[in-house]
Each structure stands twice: as structure tokens, then as C-alpha cells.
file model-v2.txt (compact mmCIF, C-alpha atoms and all ligand atoms)
# COMPACT_ATOMS: atom_id res chain seq x y z
CA MET R 1 121.49 62.43 113.78
CA ILE R 2 122.84 65.07 116.13
CA PRO R 3 120.09 65.29 118.76
CA SER R 4 120.67 68.94 119.59
CA LYS R 5 120.24 70.14 116.00
CA GLU R 6 116.59 70.94 115.52
CA TYR R 7 115.36 71.97 112.07
CA LEU R 8 112.95 74.73 112.92
CA ARG R 9 110.52 75.08 110.04
CA ILE R 10 107.58 76.61 111.90
CA PRO R 11 106.32 80.00 110.68
CA GLY R 12 108.15 81.83 113.47
CA PRO R 13 110.21 82.07 115.44
CA THR R 14 112.71 81.20 112.71
CA PRO R 15 116.40 80.22 112.81
CA ILE R 16 118.98 82.98 113.24
CA PRO R 17 121.93 83.35 110.82
CA PRO R 18 125.41 83.14 112.42
CA ARG R 19 126.12 86.77 111.45
CA VAL R 20 123.15 87.91 113.52
CA LEU R 21 124.06 85.66 116.46
CA ASN R 22 127.59 87.06 116.40
CA ALA R 23 126.37 90.64 116.32
CA MET R 24 124.32 90.00 119.46
CA ASN R 25 127.25 88.35 121.21
CA ASN R 26 128.69 91.65 122.35
CA PRO R 27 128.87 93.51 125.66
CA ILE R 28 125.85 95.64 126.50
CA ILE R 29 126.48 99.27 125.70
CA TYR R 30 124.86 102.25 127.41
CA HIS R 31 121.52 102.84 125.73
CA ARG R 32 121.90 106.63 125.78
CA SER R 33 125.44 106.64 124.37
CA VAL R 34 126.51 108.02 120.99
CA GLU R 35 127.59 104.49 120.05
CA PHE R 36 124.12 103.04 120.63
CA GLY R 37 122.43 106.07 119.07
CA ASN R 38 124.33 105.32 115.86
CA VAL R 39 123.24 101.67 115.88
CA LEU R 40 119.61 102.67 116.45
CA GLY R 41 119.81 105.18 113.60
CA GLU R 42 121.29 102.58 111.25
CA THR R 43 118.65 100.03 112.20
CA ILE R 44 115.85 102.50 111.49
CA GLU R 45 117.41 103.41 108.13
CA GLY R 46 117.71 99.70 107.25
CA ALA R 47 114.06 99.09 108.16
CA LYS R 48 112.97 102.05 106.00
CA LYS R 49 114.63 100.46 102.96
CA ILE R 50 112.79 97.21 103.50
CA ILE R 51 109.38 98.74 104.25
CA LYS R 52 110.05 101.24 101.43
CA THR R 53 109.04 104.32 103.35
CA SER R 54 110.39 107.71 104.25
CA GLY R 55 108.05 107.88 107.24
CA ASP R 56 108.88 107.34 110.92
CA ILE R 57 109.83 103.93 112.31
CA PHE R 58 109.65 103.04 116.00
CA ILE R 59 111.18 99.96 117.61
CA PHE R 60 109.65 98.45 120.77
CA SER R 61 110.57 95.71 123.23
CA SER R 62 107.55 93.66 122.24
CA THR R 63 106.13 90.69 120.36
CA GLY R 64 103.87 91.08 117.34
CA ARG R 65 100.69 91.37 119.38
CA GLY R 66 102.27 94.14 121.42
CA VAL R 67 102.74 96.28 118.35
CA MET R 68 99.23 95.38 117.14
CA GLU R 69 97.99 96.95 120.40
CA ALA R 70 100.50 99.79 120.14
CA THR R 71 99.31 100.70 116.68
CA LEU R 72 95.65 100.73 117.52
CA VAL R 73 95.97 102.76 120.73
CA ASN R 74 97.87 105.38 118.73
CA SER R 75 95.72 105.42 115.62
CA ILE R 76 92.09 105.39 116.71
CA SER R 77 89.95 106.71 119.57
CA PRO R 78 87.28 105.04 121.71
CA GLY R 79 83.87 105.10 120.00
CA GLU R 80 85.27 105.38 116.48
CA ARG R 81 83.95 103.05 113.79
CA VAL R 82 86.65 100.77 112.45
CA LEU R 83 86.64 97.87 110.04
CA VAL R 84 88.66 94.67 110.41
CA LEU R 85 89.10 92.42 107.38
CA VAL R 86 89.21 88.88 108.72
CA ASN R 87 90.26 85.83 106.71
CA GLY R 88 92.02 83.82 109.40
CA ASN R 89 93.07 83.54 113.00
CA PHE R 90 95.31 86.62 113.17
CA GLY R 91 92.58 88.82 111.74
CA LYS R 92 90.29 87.54 114.50
CA ILE R 93 92.95 88.32 117.11
CA PHE R 94 93.25 91.86 115.75
CA ALA R 95 89.48 92.39 116.04
CA ASP R 96 89.56 91.05 119.59
CA ILE R 97 92.35 93.42 120.67
CA ILE R 98 90.62 96.44 119.13
CA GLU R 99 87.31 95.65 120.83
CA ARG R 100 89.01 95.85 124.22
CA PHE R 101 89.89 99.49 123.59
CA GLY R 102 86.33 100.64 123.06
CA ALA R 103 86.32 101.16 119.31
CA GLN R 104 83.16 100.27 117.41
CA VAL R 105 84.50 97.24 115.61
CA GLU R 106 82.90 95.97 112.43
CA ILE R 107 84.12 92.77 110.87
CA LEU R 108 84.05 91.86 107.22
CA GLU R 109 84.75 88.14 107.14
CA PHE R 110 86.00 86.05 104.24
CA PRO R 111 86.30 82.26 104.12
CA TRP R 112 89.52 80.93 105.59
CA GLY R 113 91.72 79.84 102.69
CA GLU R 114 90.58 82.79 100.57
CA ALA R 115 92.02 86.27 100.22
CA VAL R 116 90.09 89.43 101.14
CA ASP R 117 87.68 90.18 98.29
CA ILE R 118 88.62 93.71 97.23
CA ASN R 119 85.24 94.51 95.63
CA ARG R 120 83.30 93.49 98.72
CA PHE R 121 85.65 95.62 100.78
CA GLU R 122 85.18 98.68 98.60
CA ASP R 123 81.39 98.22 98.56
CA TYR R 124 81.40 98.12 102.35
CA LEU R 125 83.26 101.43 102.52
CA LYS R 126 80.92 103.00 99.97
CA ASN R 127 77.95 102.13 102.14
CA ASN R 128 79.57 102.99 105.45
CA ARG R 129 81.13 106.40 105.10
CA SER R 130 81.88 106.96 108.79
CA ILE R 131 84.48 104.17 109.01
CA LYS R 132 87.73 105.77 110.19
CA ALA R 133 90.26 103.00 109.84
CA VAL R 134 90.80 99.56 108.29
CA PHE R 135 92.86 96.78 109.86
CA VAL R 136 94.15 93.87 107.79
CA ILE R 137 96.74 91.09 107.95
CA HIS R 138 99.16 91.01 105.01
CA CYS R 139 100.12 87.34 105.25
CA GLU R 140 97.50 85.40 107.23
CA THR R 141 99.95 82.98 108.85
CA SER R 142 97.13 80.68 109.99
CA THR R 143 96.02 79.85 106.44
CA GLY R 144 99.07 80.66 104.28
CA VAL R 145 97.08 83.28 102.34
CA VAL R 146 98.41 86.68 101.25
CA ASN R 147 96.07 89.65 100.94
CA ASN R 148 96.37 92.26 98.20
CA ILE R 149 97.63 95.15 100.29
CA GLU R 150 98.44 97.28 97.26
CA ALA R 151 94.76 97.27 96.25
CA ILE R 152 93.64 97.86 99.85
CA GLY R 153 96.03 100.82 100.16
CA LYS R 154 94.68 102.40 96.98
CA ILE R 155 91.11 102.12 98.26
CA THR R 156 91.84 103.48 101.74
CA SER R 157 93.69 106.42 100.13
CA LYS R 158 90.72 107.06 97.85
CA TYR R 159 88.28 107.11 100.79
CA GLY R 160 90.67 109.09 103.01
CA ILE R 161 90.72 106.52 105.80
CA ILE R 162 93.62 105.12 107.79
CA SER R 163 95.11 101.73 106.85
CA ILE R 164 96.78 99.51 109.45
CA ILE R 165 98.70 96.54 108.09
CA ASP R 166 100.01 93.60 110.09
CA ALA R 167 103.12 92.57 108.14
CA VAL R 168 104.55 90.32 110.87
CA SER R 169 104.98 87.23 108.71
CA SER R 170 105.45 89.03 105.38
CA LEU R 171 107.98 91.82 105.78
CA GLY R 172 111.37 90.66 104.52
CA GLY R 173 109.84 87.91 102.37
CA ILE R 174 106.93 89.41 100.44
CA GLU R 175 106.82 92.74 98.60
CA ILE R 176 105.51 95.68 100.55
CA SER R 177 105.92 99.22 99.36
CA MET R 178 104.48 101.42 102.07
CA ASP R 179 104.72 104.88 100.51
CA GLU R 180 103.83 103.85 96.97
CA TRP R 181 100.82 101.87 98.15
CA GLY R 182 99.64 104.69 100.43
CA LEU R 183 99.75 102.70 103.69
CA ASP R 184 99.54 104.52 107.02
CA PHE R 185 100.74 102.04 109.65
CA VAL R 186 102.82 98.94 108.92
CA LEU R 187 103.69 96.80 111.90
CA THR R 188 106.00 93.82 112.17
CA ALA R 189 108.08 91.77 114.59
CA SER R 190 111.65 90.50 114.67
CA GLN R 191 111.14 86.73 114.79
CA LYS R 192 109.90 85.83 111.32
CA ALA R 193 111.40 86.86 107.96
CA LEU R 194 113.59 89.42 109.74
CA MET R 195 115.82 86.60 111.07
CA THR R 196 116.17 88.03 114.60
CA PRO R 197 115.08 86.43 117.91
CA PRO R 198 111.61 87.19 119.29
CA GLY R 199 111.37 90.38 121.32
CA LEU R 200 111.26 93.37 118.97
CA GLY R 201 108.21 94.99 117.38
CA LEU R 202 108.49 97.64 114.68
CA VAL R 203 105.90 100.15 113.50
CA ALA R 204 106.21 102.43 110.47
CA VAL R 205 103.95 105.50 110.37
CA SER R 206 103.07 107.73 107.37
CA SER R 207 102.49 111.46 107.71
CA LYS R 208 98.72 110.91 107.43
CA GLY R 209 99.09 108.23 110.11
CA TRP R 210 100.96 110.69 112.30
CA LYS R 211 97.98 113.09 112.27
CA ALA R 212 95.86 110.26 113.65
CA VAL R 213 98.45 109.64 116.37
CA GLU R 214 98.16 113.27 117.48
CA LYS R 215 94.35 113.19 117.41
CA SER R 216 93.85 109.89 119.23
CA THR R 217 92.29 110.26 122.68
CA ASN R 218 93.28 106.77 123.86
CA SER R 219 95.21 106.47 127.11
CA ARG R 220 98.73 105.23 126.41
CA TYR R 221 102.06 105.28 128.11
CA TYR R 222 104.40 102.41 127.21
CA TRP R 223 103.19 102.48 123.59
CA ASP R 224 102.99 106.25 123.14
CA PHE R 225 104.48 106.94 119.68
CA ARG R 226 104.90 110.62 120.62
CA MET R 227 107.42 109.69 123.32
CA TYR R 228 109.28 107.49 120.82
CA LYS R 229 109.44 110.28 118.29
CA GLU R 230 110.71 112.76 120.86
CA ALA R 231 113.44 110.32 122.02
CA GLN R 232 114.50 109.63 118.43
CA ASN R 233 114.93 113.35 117.81
CA ARG R 234 117.40 113.65 120.69
CA ILE R 235 121.15 113.59 120.06
CA PRO R 236 122.17 110.82 120.40
CA LYS R 237 119.07 109.00 119.14
CA GLN R 238 117.29 107.00 121.86
CA THR R 239 114.27 104.98 122.79
CA PRO R 240 112.26 106.46 125.69
CA PHE R 241 112.86 103.44 127.95
CA THR R 242 115.80 101.05 128.32
CA SER R 243 116.59 99.82 124.83
CA PRO R 244 116.73 96.08 124.06
CA VAL R 245 120.37 96.64 123.11
CA SER R 246 121.39 93.09 122.12
CA LEU R 247 118.30 92.49 120.01
CA ILE R 248 118.75 95.78 118.20
CA LEU R 249 122.39 94.87 117.45
CA GLY R 250 121.01 91.64 115.96
CA LEU R 251 118.26 93.32 113.95
CA ASP R 252 120.73 95.88 112.62
CA GLU R 253 122.88 93.03 111.27
CA ALA R 254 119.90 91.13 109.83
CA LEU R 255 118.69 94.25 108.01
CA LYS R 256 122.23 94.77 106.64
CA MET R 257 122.15 91.22 105.26
CA ILE R 258 118.84 91.95 103.52
CA VAL R 259 120.08 95.28 102.15
CA GLU R 260 123.32 93.68 100.89
CA GLU R 261 121.42 90.97 99.03
CA GLY R 262 118.91 93.58 97.87
CA ILE R 263 115.33 93.53 99.13
CA ASP R 264 113.96 92.74 95.67
CA ASN R 265 116.35 89.76 95.35
CA VAL R 266 115.32 88.56 98.80
CA ILE R 267 111.66 88.67 97.74
CA GLU R 268 112.44 86.80 94.52
CA ARG R 269 114.33 84.12 96.49
CA HIS R 270 111.29 83.65 98.74
CA PHE R 271 109.10 83.27 95.66
CA GLN R 272 111.41 80.66 94.09
CA VAL R 273 111.72 78.63 97.29
CA ALA R 274 107.98 78.75 98.01
CA LYS R 275 107.05 77.81 94.45
CA ALA R 276 109.44 74.84 94.44
CA PHE R 277 107.98 73.71 97.77
CA ARG R 278 104.38 74.01 96.59
CA ASP R 279 105.18 72.14 93.36
CA ARG R 280 106.74 69.25 95.30
CA ILE R 281 103.88 69.07 97.76
CA LYS R 282 101.36 68.94 94.91
CA SER R 283 103.42 66.31 93.07
CA TYR R 284 102.99 64.03 96.11
CA GLY R 285 99.22 64.25 95.72
CA LEU R 286 98.77 66.62 98.67
CA LYS R 287 96.54 69.70 98.48
CA LEU R 288 97.43 73.26 99.42
CA PHE R 289 94.99 74.90 101.85
CA PRO R 290 94.62 78.25 100.00
CA LYS R 291 91.92 77.84 97.37
CA LYS R 292 93.94 79.50 94.60
CA GLU R 293 97.66 79.31 93.97
CA GLU R 294 97.82 83.09 93.38
CA TRP R 295 96.77 83.58 97.04
CA CYS R 296 99.59 81.42 98.41
CA SER R 297 102.10 83.10 100.67
CA ASN R 298 105.78 82.89 99.83
CA THR R 299 106.73 82.82 103.52
CA VAL R 300 104.51 80.03 104.86
CA THR R 301 102.69 77.14 103.18
CA ALA R 302 99.56 75.56 104.63
CA VAL R 303 98.88 72.03 103.41
CA LYS R 304 95.75 69.93 103.95
CA SER R 305 96.42 66.73 105.82
CA PRO R 306 95.26 63.69 103.89
CA LYS R 307 91.71 62.75 105.04
CA GLU R 308 92.62 59.84 107.23
CA VAL R 309 95.68 61.43 108.88
CA ASP R 310 95.76 64.00 111.74
CA SER R 311 98.38 66.73 111.25
CA ASP R 312 99.42 66.01 114.78
CA LEU R 313 100.84 62.64 113.72
CA ILE R 314 102.75 64.04 110.76
CA ILE R 315 104.25 66.63 113.10
CA LYS R 316 105.12 64.00 115.71
CA PHE R 317 106.89 61.66 113.24
CA LEU R 318 108.82 64.51 111.62
CA LYS R 319 110.09 65.50 115.04
CA GLU R 320 110.94 61.96 116.12
CA ARG R 321 112.62 60.85 112.93
CA PHE R 322 114.29 63.98 111.63
CA ASN R 323 114.24 66.46 114.51
CA LEU R 324 112.29 68.63 112.10
CA ARG R 325 109.61 70.86 113.56
CA ILE R 326 106.64 72.18 111.57
CA ALA R 327 103.38 73.70 112.85
CA ASN R 328 99.81 72.51 113.24
CA GLY R 329 96.74 74.45 112.12
CA LEU R 330 95.26 77.05 114.48
CA GLY R 331 91.70 77.19 115.84
CA ASN R 332 89.27 75.14 113.74
CA LEU R 333 92.07 74.07 111.44
CA LYS R 334 93.93 72.17 114.16
CA ASP R 335 94.82 68.68 112.90
CA LYS R 336 93.29 69.48 109.49
CA ILE R 337 96.29 71.28 108.03
CA PHE R 338 99.98 71.59 108.74
CA ARG R 339 102.10 74.67 108.14
CA VAL R 340 105.69 74.98 107.01
CA GLY R 341 107.72 78.18 107.30
CA HIS R 342 110.15 79.12 104.52
CA MET R 343 110.97 82.68 105.45
CA GLY R 344 114.14 84.56 106.33
CA TYR R 345 116.96 82.14 107.00
CA GLN R 346 114.63 79.23 106.22
CA ALA R 347 114.18 80.41 102.63
CA GLU R 348 116.79 78.25 101.02
CA GLU R 349 115.91 75.86 98.24
CA ILE R 350 117.90 72.80 99.25
CA GLU R 351 116.57 72.84 102.80
CA THR R 352 113.01 73.40 101.72
CA ARG R 353 113.28 70.45 99.29
CA ALA R 354 114.55 68.34 102.16
CA VAL R 355 111.52 69.34 104.26
CA ALA R 356 109.17 68.29 101.46
CA LEU R 357 110.94 64.93 101.13
CA ALA R 358 110.83 64.37 104.88
CA ILE R 359 107.06 64.98 104.85
CA LYS R 360 106.69 62.49 102.01
CA SER R 361 108.76 59.92 103.91
CA VAL R 362 106.71 60.03 107.10
CA LEU R 363 103.45 59.95 105.17
CA GLU R 364 104.54 56.86 103.24
CA GLU R 365 106.58 55.03 105.84
CA ASN R 366 104.83 55.88 109.10
CA LEU R 367 101.31 56.71 108.01
CA ASN R 368 100.63 54.43 105.03
CA PHE R 369 99.67 57.33 102.77
C1 LIG P 1 103.40 85.71 114.36
C2 LIG P 1 102.36 86.71 114.05
C3 LIG P 1 102.01 87.71 114.97
C4 LIG P 1 102.69 87.91 116.28
O1 LIG P 1 102.42 87.11 117.33
P1 LIG P 1 103.25 87.25 118.68
O2 LIG P 1 103.20 85.87 119.23
O3 LIG P 1 102.59 88.24 119.53
O4 LIG P 1 104.65 87.68 118.30
C5 LIG P 1 101.08 88.65 114.58
N1 LIG P 1 100.51 88.61 113.37
C6 LIG P 1 100.82 87.67 112.46
C7 LIG P 1 100.17 87.69 111.13
C8 LIG P 1 101.77 86.69 112.78
O5 LIG P 1 102.11 85.77 111.88

call {"tool": "encode", "arguments": {"input": "model-v2.txt", "output": "C-alpha cells", "more": "lines below"}}
Ligand SMILES: *Cc1c(COP(=O)(O)O)cnc(C)c1O
result
Amino acid sequence: MIPSKEYLRIPGPTPIPPRVLNAMNNPIIYHRSVEFGNVLGETIEGAKKIIKTSGDIFIFSSTGRGVMEATLVNSISPGERVLVLVNGNFGKIFADIIERFGAQVEILEFPWGEAVDINRFEDYLKNNRSIKAVFVIHCETSTGVVNNIEAIGKITSKYGIISIIDAVSSLGGIEISMDEWGLDFVLTASQKALMTPPGLGLVAVSSKGWKAVEKSTNSRYYWDFRMYKEAQNRIPKQTPFTSPVSLILGLDEALKMIVEEGIDNVIERHFQVAKAFRDRIKSYGLKLFPKKEEWCSNTVTAVKSPKEVDSDLIIKFLKERFNLRIANGLGNLKDKIFRVGHMGYQAEEIETRAVALAIKSVLEENLNF
């Protein structure tokens, strides 16, 4: 075993393809030059193809939570009634961030391991007509469950309210069709299925979403979408503050790789890899955490630890024996489940099979399963 070669199979950050590493390995260019303006323009065009939107896209120096905050300070105003659909840890985090900005947060909670129940959601809106916006996580990374964003988009369009979708661990691995599904804000980050190091946040905004940006009375400076739009309309295209030049060079390359393969092929590959992984895991007698297979994410799989074994130990032996790193459960699920990422550059069948086999080996040989 080569000690320095770690197999990173956590659900983000994910490994970076050599093409992306090479693209970043370039001198810094002036962030207000024509040369950089062209790269920024290309990156935005690439992102539009993957999010399937003709709306605006803004790129921030930020992690995922940064753009969660960015989106809410631009989309709602203090005192407004908003609904958060919570079926895992990231949904809870979203509700927590929103509360700090003075919105009137209402939470519709669903059991962890289940998807958002669309009928319950629609009933809630029917009975609460003054709700202005709905926040939801596309792939709940903490439980490995995917929510039906297409159905949620149809309902928010019908009721004329704003939809805000966290697609951090889904975009680039699971279908999302922003314009067709009538979504208003789709946010994501660089370090998951987009195969780029941590440090960039992206937000796509529909024209209906843009009206909300203009109406919002929240204080904002660093996150102000209006400043981003103004800078992008300059010639050459810019970001309002110093651009994260190297990361954007990397993201541009990663998006080109996705566009060359074809976004629909990329999504199909994620499905094939995830399905093969789930089938193997089940064939070993292990149980998936999501209660129905149709709810399982194609970017991350959450598996129940066998009763007598803490996830912590499985994780420890995988690291010691194979230099393979997977993730524990979050919050109440710590030591009860383990999570394996198979998104972006991880989504390759042979490697994902090897991960399944390695899990089987440590369970049998180190943990007497
Ligand atoms: C990873 C992730 C985030 C981002 O977390 P940061 O650590 O702030 O980058 C947000 N939402 C979901 C669903 C995620 O999986």
C-alpha cells in the first residue's frame, strides 16, 4: 500500500480529476482582465447547461453554507413567513440559518430516512396562504435520501411562492432541470459532484426569483446578488470582489468535462454506479438507511451499521487497512449509519465495487460480522 494514496469516499469533498488539477496549476491572471472575463463567462455558460436554466448564475468565494445564507438574505425579508421542509441534518441547518435573519420560520418535519411527503407539503400551503418561500434540500446528504424537487417546483409555481433548493450534493450527479421544474433559486458548491476543490458556491436565480431579490429588505453586502449582476454585465465580465481565479479555472474545466460527456450521460452513470453499490451492500445482508429504494440518492449511500457494530469501528478499520475514508452518520445517526460518496470523480463502477468489498472485508475479518 502506498501510504500517501488515500481513497476519499466521503460525500464531499471529493477527489479532483487530473484535468481539473492541471487547469488550476496556472499563474494567477488579473481578475478584471479580458482573459479572466472570458473564463468566467465560459464557467457560467457551463453551469447553465448543467442546472438547465437560462437564468442568472453567480459564483462566490464560499462553501455551501455561505451560499445558503447568500440565497436567503437575497430572497426573503425579515418578518416574512417561510417554510422549511426538513428530513435530515442539512434541512435543520437551513432552518437554523434562516431563523438568524429574522424570518418567521415554520418547519414541516419528516422522519429521517424518508423523503418529503408531497401531499402533506401541499396541504400545508393550502392552509397557510401567507407563506412566501419554501426551502428544501435536494439530496439530504445526512440520510442519503433524495427529495422530489420536480413535484415541489410544480406546487410552488402553482401557489406563486418562491422555491429555494439546496443542490449541493446533487448537482452534477442527479437530474435537476431548473427552468422546466419552475425553480427560483438553486444553490450548490464546488466540492461534491462538481469535482472541484472546496471554496466556490454557485447560485442560479430565475426571473421570478430576481423580483424577490429586488424586493428583499435584508441588509447584505458581501452576498448582494445585485452587485454580482452589475459586475457580470461589465465588459470584461467580473465578480465584484477579487475572484477566486484558480478555483474558477478548475470549475471551468470540470464543467467542460461534464458537458463533453453529456449531463444526461453523467446522471445515468451515477445511477448505474449507485445501483450496483446498493445491490452489493444488500447482498452482504446490510440494510440501506432510506426506507424505500426509490428514495435513495445516486450520489451518496447511507447504510445501517449492523446492530452490534459502531460505524466508528468500520470507518477506523477501513482507514487502517485500506487507507479508504468513508463518513459517519451526523447528529443522532452518529455510529448508527455510515455514508459512502459515489459522486463526481468517485462515480466509477470498479472503484465503487472495491469500496463495497472493502466494507465486507472489515466487517467479516475485523468485526466478526
Ligand atoms: C455538503 C453540503 C452543504 C455544504 O456544507 P459546507 O460545509 O458549508 O460546504 C450544504 N448542503 C448539503 C446538502 C450538503 O451536502

call {"tool": "residues_near_ligand", "arguments": {"input": "model-v2.txt", "ligand": "ligand LIG 1 (chain P)", "cutoff": "9 Å", "atoms": "all atoms listed in the file", "output": "PyMOL selection string"}}
result
chain R and resi 11-13+62-68+89-91+93-94+137-142+166-170+187-192+198-201

call {"tool": "closest_residue", "arguments": {"input": "model-v2.txt", "among": "R:Glu268, R:Phe101, R:Trp295, R:Thr43", "to": "Val116 of chain R", "atoms": "all atoms listed in the file"}}
result
R:Trp295

call {"tool": "closest_residue", "arguments": {"input": "model-v2.txt", "among": "R:Arg353, R:Thr143, R:Lys132, R:Thr217", "to": "Ala327 of chain R", "atoms": "only C-alpha atoms"}}
result
R:Thr143

call {"tool": "atom_distance", "arguments": {"input": "model-v2.txt", "atom1": "atom CA of Tyr221 of chain R", "atom2": "atom CA of Leu40 of chain R"}}
result
21.2 Å

call {"tool": "axis_aligned_box", "arguments": {"input": "model-v2.txt", "around": "segment 63-67 of chain R", "padding_each_side": "3 Å", "output": "lines of an AutoDock Vina configuration file"}}
result
center_x = 103.4
center_y = 93.5
center_z = 119.4
size_x = 11.4
size_y = 11.6
size_z = 10.1

call {"tool": "closest_residue", "arguments": {"input": "model-v2.txt", "among": "R:Gly41, R:Gly182, R:Pro197, R:Pro78", "to": "Leu247 of chain R", "atoms": "all atoms listed in the file"}}
result
R:Pro197

call {"tool": "closest_residue", "arguments": {"input": "model-v2.txt", "among": "R:Lys275, R:Lys292, R:His342, R:Lys256", "to": "Lys48 of chain R", "atoms": "all atoms listed in the file"}}
result
R:Lys256

call {"tool": "residues_around", "arguments": {"input": "model-v2.txt", "residues": "Asp264 of chain R", "least_positions_apart": "3", "cutoff": "10 Å", "atoms": "all atoms listed in the file", "output": "ChimeraX atom specification"}}
result
/R:50,172-175,258-259,261,267-270

call {"tool": "closest_residue", "arguments": {"input": "model-v2.txt", "among": "R:Leu83, R:Met24, R:Leu251, R:Met195", "to": "Leu108 of chain R", "atoms": "only C-alpha atoms"}}
result
R:Leu83

call {"tool": "residues_around", "arguments": {"input": "model-v2.txt", "residues": "Arg226 of chain R", "least_positions_apart": "6", "cutoff": "12 Å", "atoms": "all atoms listed in the file", "output": "PDB file with C-alpha atoms, in the coordinates of the input"}}
result
ATOM      1  CA  ASP R  56     108.880 107.340 110.920  1.00  0.00           C
ATOM      2  CA  ILE R  57     109.830 103.930 112.310  1.00  0.00           C
ATOM      3  CA  PHE R  58     109.650 103.040 116.000  1.00  0.00           C
ATOM      4  CA  ALA R  70     100.500  99.790 120.140  1.00  0.00           C
ATOM      5  CA  VAL R  73      95.970 102.760 120.730  1.00  0.00           C
ATOM      6  CA  ASN R  74      97.870 105.380 118.730  1.00  0.00           C
ATOM      7  CA  SER R  75      95.720 105.420 115.620  1.00  0.00           C
ATOM      8  CA  VAL R 205     103.950 105.500 110.370  1.00  0.00           C
ATOM      9  CA  TRP R 210     100.960 110.690 112.300  1.00  0.00           C
ATOM     10  CA  LYS R 211      97.980 113.090 112.270  1.00  0.00           C
ATOM     11  CA  ALA R 212      95.860 110.260 113.650  1.00  0.00           C
ATOM     12  CA  VAL R 213      98.450 109.640 116.370  1.00  0.00           C
ATOM     13  CA  GLU R 214      98.160 113.270 117.480  1.00  0.00           C
ATOM     14  CA  LYS R 215      94.350 113.190 117.410  1.00  0.00           C
ATOM     15  CA  SER R 216      93.850 109.890 119.230  1.00  0.00           C
ATOM     16  CA  ARG R 220      98.730 105.230 126.410  1.00  0.00           C
ATOM     17  CA  GLN R 232     114.500 109.630 118.430  1.00  0.00           C
ATOM     18  CA  ASN R 233     114.930 113.350 117.810  1.00  0.00           C
ATOM     19  CA  THR R 239     114.270 104.980 122.790  1.00  0.00           C
ATOM     20  CA  PRO R 240     112.260 106.460 125.690  1.00  0.00           C
TER      21      PRO R 240
END

call {"tool": "atom_distance", "arguments": {"input": "model-v2.txt", "atom1": "atom CA of Leu171 of chain R", "atom2": "atom CA of Arg32 of chain R"}}
result
28.5 Å

call {"tool": "atom_distance", "arguments": {"input": "model-v2.txt", "atom1": "atom CA of Tyr159 of chain R", "atom2": "atom CA of Ala95 of chain R"}}
result
21.2 Å

call {"tool": "residues_around", "arguments": {"input": "model-v2.txt", "residues": "Leu85 of chain R", "least_positions_apart": "6", "cutoff": "12 Å", "atoms": "all atoms listed in the file", "output": "mmCIF file with C-alpha atoms, in the frame of the given file"}}
result
data_model
loop_
_atom_site.group_PDB
_atom_site.id
_atom_site.type_symbol
_atom_site.label_atom_id
_atom_site.label_comp_id
_atom_site.auth_asym_id
_atom_site.auth_seq_id
_atom_site.Cartn_x
_atom_site.Cartn_y
_atom_site.Cartn_z
ATOM 1 C CA GLY R 91 92.580 88.820 111.740
ATOM 2 C CA LYS R 92 90.290 87.540 114.500
ATOM 3 C CA ILE R 93 92.950 88.320 117.110
ATOM 4 C CA PHE R 94 93.250 91.860 115.750
ATOM 5 C CA ALA R 95 89.480 92.390 116.040
ATOM 6 C CA VAL R 105 84.500 97.240 115.610
ATOM 7 C CA GLU R 106 82.900 95.970 112.430
ATOM 8 C CA ILE R 107 84.120 92.770 110.870
ATOM 9 C CA LEU R 108 84.050 91.860 107.220
ATOM 10 C CA GLU R 109 84.750 88.140 107.140
ATOM 11 C CA PHE R 110 86.000 86.050 104.240
ATOM 12 C CA PRO R 111 86.300 82.260 104.120
ATOM 13 C CA TRP R 112 89.520 80.930 105.590
ATOM 14 C CA GLU R 114 90.580 82.790 100.570
ATOM 15 C CA ALA R 115 92.020 86.270 100.220
ATOM 16 C CA VAL R 116 90.090 89.430 101.140
ATOM 17 C CA ASP R 117 87.680 90.180 98.290
ATOM 18 C CA ILE R 118 88.620 93.710 97.230
ATOM 19 C CA ARG R 120 83.300 93.490 98.720
ATOM 20 C CA PHE R 121 85.650 95.620 100.780
ATOM 21 C CA GLU R 122 85.180 98.680 98.600
ATOM 22 C CA TYR R 124 81.400 98.120 102.350
ATOM 23 C CA LEU R 125 83.260 101.430 102.520
ATOM 24 C CA ALA R 133 90.260 103.000 109.840
ATOM 25 C CA VAL R 134 90.800 99.560 108.290
ATOM 26 C CA PHE R 135 92.860 96.780 109.860
ATOM 27 C CA VAL R 136 94.150 93.870 107.790
ATOM 28 C CA ILE R 137 96.740 91.090 107.950
ATOM 29 C CA HIS R 138 99.160 91.010 105.010
ATOM 30 C CA GLU R 140 97.500 85.400 107.230
ATOM 31 C CA ASN R 147 96.070 89.650 100.940
ATOM 32 C CA ASN R 148 96.370 92.260 98.200
ATOM 33 C CA ILE R 149 97.630 95.150 100.290
ATOM 34 C CA ILE R 152 93.640 97.860 99.850
ATOM 35 C CA SER R 163 95.110 101.730 106.850
ATOM 36 C CA ILE R 164 96.780 99.510 109.450
ATOM 37 C CA ILE R 165 98.700 96.540 108.090
ATOM 38 C CA ASP R 166 100.010 93.600 110.090
#

call {"tool": "residues_around", "arguments": {"input": "model-v2.txt", "residues": "segment 15-23 of chain R", "least_positions_apart": "6", "cutoff": "12 Å", "atoms": "only C-alpha atoms", "output": "ChimeraX atom specification"}}
result
/R:5-9,39,190-198,245-258,325,341-348

call {"tool": "closest_residue", "arguments": {"input": "model-v2.txt", "among": "R:Val300, R:Leu286, R:Ile176, R:Ile44", "to": "Phe271 of chain R", "atoms": "all atoms listed in the file"}}
result
R:Val300

call {"tool": "residues_around", "arguments": {"input": "model-v2.txt", "residues": "Val303 of chain R", "least_positions_apart": "2", "cutoff": "8 Å", "atoms": "all atoms listed in the file", "output": "PyMOL selection string"}}
result
chain R and resi 286-289+301+305+337-339

call {"tool": "decode", "arguments": {"input": "model-v2.txt", "residues": "segment 3-15 of chain R", "atoms": "C-alpha atoms", "output": "mmCIF file, in the first residue's frame"}}
result
data_model
loop_
_atom_site.group_PDB
_atom_site.id
_atom_site.type_symbol
_atom_site.label_atom_id
_atom_site.label_comp_id
_atom_site.auth_asym_id
_atom_site.auth_seq_id
_atom_site.Cartn_x
_atom_site.Cartn_y
_atom_site.Cartn_z
ATOM 1 C CA PRO R 3 0.644 5.360 2.403
ATOM 2 C CA SER R 4 0.084 8.733 0.757
ATOM 3 C CA LYS R 5 -2.718 7.493 -1.509
ATOM 4 C CA GLU R 6 -5.956 7.984 0.352
ATOM 5 C CA TYR R 7 -9.196 6.745 -1.207
ATOM 6 C CA LEU R 8 -11.568 9.544 -0.362
ATOM 7 C CA ARG R 9 -15.085 8.156 -0.462
ATOM 8 C CA ILE R 10 -16.778 10.631 1.871
ATOM 9 C CA PRO R 11 -19.729 12.610 0.469
ATOM 10 C CA GLY R 12 -17.561 15.686 -0.086
ATOM 11 C CA PRO R 13 -15.049 16.994 -0.511
ATOM 12 C CA THR R 14 -14.424 14.535 -3.342
ATOM 13 C CA PRO R 15 -11.296 13.668 -5.360
#
